[in-house]
Amino acid sequence: MAVAAAGALLATACSPGAGPGGGGGELSGVELLVAAKWTGVEQQNFEEVLAGFEQETGATVSYESTGEDTGAYLGPKLEANEPPDIAILPQPGLVAEYAEQGALVPLEGDAATVLEEDYTDYWRDLGSVDGEAYGIMLKAAHKSIIWYRPDAFSDAGVEPPATWDDLTGTTATTLSDAGITPFAMCGASGWTLTDWFENVYLSHAGPEQYDQLAAHEIPWTDDSVVETLEILAEVWGEESLINGGSDGGVQTDFPTCVTDVYGQQNAAMVFEGDFAAASAEEAGATVGDDAVAFPFPAVGDEPPLVVGGDIAVGMSEGEGVQELLAYLASSEAQTTWAGLGGYLSANSAVTTDAYEDEFTQQLAQTVLDAGDSVRYDLSDQVPSGFGATEGRGMWSILQDYLRDSSDPEAAAEELENAASDADS
């Protein structure tokens, strides 16, 4: 992977072995329940991390999958006053929602200490509500890379671009002239389009305006939004750059778009996060060989770094809850997790050599290098009815804009109306 970024993201250290428990059995007989959306290999890896806490403390930790709709799982549990001890939330907006309901327990003791020492202000703020720390960013997803086929680039005689102008100009144009469709789009999965918007907006408008837009402190009709939509139209509005044209792009879901690049060879590039590696391998490619990626190019002065991720929160005051939160947040647990694959840490004490392969090591380094300019997925920070719901809000408006990118002002007006409705 070609790598570029800036700055330094995360802070000091909780050394391996410094997690709570220290090998004793002081929580023997204590039973804890943790709920998260993970299944399959992700669940297996997380349970292996939990086993380390059991061995250190003597506690018994059970795991339940919430499924993709965490709110639907937690709602009845909270109504029945039977929440899990710890929940892993996929959106910061849910942290605020449950904190306002009084459903969360603030971080205390070692858990609060690890958060203070090992995470930057940005990560601490992301899991805090009204200055009270509730959540710890446990597992990050890197959403600022573009996957490509090196053979297609070689055939066309192009290199991975460093800037948006290079991407839309030299790279895409040269590929198209060589008879190679530049992009597969994943537009049927509306969240992929919000990822496009967020990367362009962050690089074009900068982190401060990104935060203001996420908080709806500036309207979606702001010039910065309109300009971002105009920039997106340089790809979205060019039929020849998209596999199947705009109609095909809006009808192709994730991960079919990845298969279009690596299985069908219908396009040279596809934009999505690090998790697309699994889909590339399912399509028959080898990550790091014929499936590689470059950083999302700089639209403004700096390239963007957008992450998604999962935030651990305590939902009970039971014995062992704060100790388990502290363990999960620690470099000890996260170094173990990093070695299992399919994982990125937001803890600065987890060094890049903890990751099992060079590709993930490079991704981790870009997160470390991005410093305070890294930003969390905007659509997951706004109310879910606006930012993360099928057929509504950002998803449907950006799908419409992919179909027809001729009127960015009208699209911005629709976004503002939807954002205002979600706030009311």
# chains A, B, ... in the order shown; residues from 1 in each chain; ligands from 1
$ select_by_dssp --residues "region 71-247 of chain A" --states "helix (DSSP H, G or I)" --output "ChimeraX atom specification"
/A:71-79,92-100,109-118,121-126,150-156,164-177,190-205,207-214,223-236,239-241,245-247
$ residues_around --residues "Ser396 (chain A)" --least-positions-apart "4" --cutoff "10 Å" --atoms "only C-alpha atoms" --output "PyMOL selection string"
chain A and resi 187-191+193+386-387+389-392+400-402+415
$ write_last_selection --atoms "N, CA, C and O atoms" --output "mmCIF file, in the first residue's frame"
data_model
loop_
_atom_site.group_PDB
_atom_site.id
_atom_site.type_symbol
_atom_site.label_atom_id
_atom_site.label_comp_id
_atom_site.auth_asym_id
_atom_site.auth_seq_id
_atom_site.Cartn_x
_atom_site.Cartn_y
_atom_site.Cartn_z
ATOM 1 N N GLY A 187 -22.975 2.118 -4.573
ATOM 2 C CA GLY A 187 -24.024 3.064 -4.226
ATOM 3 C C GLY A 187 -25.299 2.481 -3.663
ATOM 4 O O GLY A 187 -26.058 3.195 -3.000
ATOM 5 N N ALA A 188 -25.570 1.206 -3.909
ATOM 6 C CA ALA A 188 -26.782 0.607 -3.328
ATOM 7 C C ALA A 188 -26.674 0.508 -1.809
ATOM 8 O O ALA A 188 -27.691 0.431 -1.120
ATOM 9 N N SER A 189 -25.463 0.511 -1.301
ATOM 10 C CA SER A 189 -25.215 0.573 0.154
ATOM 11 C C SER A 189 -24.935 2.041 0.481
ATOM 12 O O SER A 189 -23.814 2.521 0.321
ATOM 13 N N GLY A 190 -25.979 2.740 0.941
ATOM 14 C CA GLY A 190 -25.893 4.189 1.070
ATOM 15 C C GLY A 190 -24.771 4.674 1.954
ATOM 16 O O GLY A 190 -24.233 5.775 1.747
ATOM 17 N N TRP A 191 -24.350 3.881 2.927
ATOM 18 C CA TRP A 191 -23.280 4.305 3.832
ATOM 19 C C TRP A 191 -21.958 4.493 3.099
ATOM 20 O O TRP A 191 -21.111 5.292 3.538
ATOM 21 N N LEU A 193 -21.594 5.927 0.272
ATOM 22 C CA LEU A 193 -21.619 7.271 -0.310
ATOM 23 C C LEU A 193 -21.364 8.328 0.757
ATOM 24 O O LEU A 193 -20.740 9.363 0.475
ATOM 25 N N PHE A 386 -31.073 10.544 10.203
ATOM 26 C CA PHE A 386 -30.482 11.357 9.145
ATOM 27 C C PHE A 386 -29.242 10.699 8.535
ATOM 28 O O PHE A 386 -29.073 10.682 7.327
ATOM 29 N N GLY A 387 -28.391 10.127 9.381
ATOM 30 C CA GLY A 387 -27.102 9.674 8.876
ATOM 31 C C GLY A 387 -26.948 8.201 8.611
ATOM 32 O O GLY A 387 -26.007 7.801 7.921
ATOM 33 N N THR A 389 -29.758 5.513 8.074
ATOM 34 C CA THR A 389 -30.997 4.757 7.903
ATOM 35 C C THR A 389 -31.279 4.537 6.417
ATOM 36 O O THR A 389 -31.243 5.479 5.625
ATOM 37 N N GLU A 390 -31.566 3.289 6.075
ATOM 38 C CA GLU A 390 -31.872 2.918 4.696
ATOM 39 C C GLU A 390 -33.049 3.741 4.168
ATOM 40 O O GLU A 390 -34.075 3.863 4.819
ATOM 41 N N GLY A 391 -32.876 4.315 2.975
ATOM 42 C CA GLY A 391 -33.967 5.018 2.305
ATOM 43 C C GLY A 391 -34.289 6.380 2.864
ATOM 44 O O GLY A 391 -35.287 6.992 2.460
ATOM 45 N N ARG A 392 -33.442 6.896 3.769
ATOM 46 C CA ARG A 392 -33.704 8.197 4.385
ATOM 47 C C ARG A 392 -32.428 9.026 4.451
ATOM 48 O O ARG A 392 -31.322 8.506 4.326
ATOM 49 N N ASP A 400 -29.495 9.678 -4.709
ATOM 50 C CA ASP A 400 -30.111 10.505 -5.751
ATOM 51 C C ASP A 400 -29.073 11.381 -6.444
ATOM 52 O O ASP A 400 -29.120 11.584 -7.662
ATOM 53 N N TYR A 401 -28.126 11.876 -5.661
ATOM 54 C CA TYR A 401 -27.099 12.743 -6.229
ATOM 55 C C TYR A 401 -26.136 11.943 -7.113
ATOM 56 O O TYR A 401 -25.637 12.462 -8.119
ATOM 57 N N LEU A 402 -25.879 10.683 -6.763
ATOM 58 C CA LEU A 402 -25.078 9.833 -7.632
ATOM 59 C C LEU A 402 -25.791 9.608 -8.967
ATOM 60 O O LEU A 402 -25.153 9.611 -10.033
ATOM 61 N N LEU A 415 -30.314 17.939 2.066
ATOM 62 C CA LEU A 415 -29.574 17.487 3.239
ATOM 63 C C LEU A 415 -29.898 18.346 4.460
ATOM 64 O O LEU A 415 -30.095 17.827 5.562
#
$ select_by_dssp --residues "region 55-252 of chain A" --states "strand (DSSP E)" --output "number ranges by chain"
A: 60-65, 86-89, 128-129, 132-133, 135-142, 145-148, 183-184
$ residues_around --residues "Asp353 (chain A)" --least-positions-apart "4" --cutoff "10 Å" --atoms "only C-alpha atoms" --output "list in words"
Thr335, Ala338, Gly339, Asp357, Glu358, Thr360, Gln361, Gln362, Ala364 and Gln365 of chain A
$ write_last_selection --atoms "C-alpha atoms" --output "compact mmCIF listing (two decimals), in the first residue's frame"
# COMPACT_ATOMS: atom_id res chain seq x y z
CA THR A 335 -1.88 -5.92 21.47
CA ALA A 338 -3.95 -6.78 16.98
CA GLY A 339 -2.03 -10.03 16.59
CA ASP A 357 0.88 -8.20 8.41
CA GLU A 358 2.60 -5.30 6.71
CA THR A 360 -2.29 -3.51 8.59
CA GLN A 361 0.93 -2.12 10.05
CA GLN A 362 0.87 0.60 7.40
CA ALA A 364 -2.07 1.61 11.80
CA GLN A 365 0.81 3.99 11.11
$ residues_around --residues "Thr170 (chain A)" --least-positions-apart "6" --cutoff "12 Å" --atoms "only C-alpha atoms" --output "JSON list (two decimals) with C-alpha atoms, in the first residue's frame"
[["chain", "number", "residue", "atom", "x", "y", "z"],
["A", 153, "PHE", "CA", -2.58, 0.52, -13.28],
["A", 156, "ALA", "CA", -2.47, 1.94, -18.31],
["A", 157, "GLY", "CA", 0.92, 3.24, -17.17],
["A", 158, "VAL", "CA", -0.35, 5.11, -14.09],
["A", 159, "GLU", "CA", 0.75, 5.33, -10.46],
["A", 160, "PRO", "CA", -1.35, 5.74, -7.30],
["A", 161, "PRO", "CA", -2.32, 9.44, -7.11],
["A", 162, "ALA", "CA", -1.49, 11.72, -4.18],
["A", 163, "THR", "CA", -4.09, 14.42, -4.91],
["A", 164, "TRP", "CA", -7.72, 14.51, -5.97],
["A", 176, "SER", "CA", -10.47, 5.28, -19.28],
["A", 177, "ASP", "CA", -8.44, 6.07, -22.42],
["A", 178, "ALA", "CA", -6.82, 2.64, -22.09],
["A", 182, "PRO", "CA", -11.72, 3.47, -13.39]]
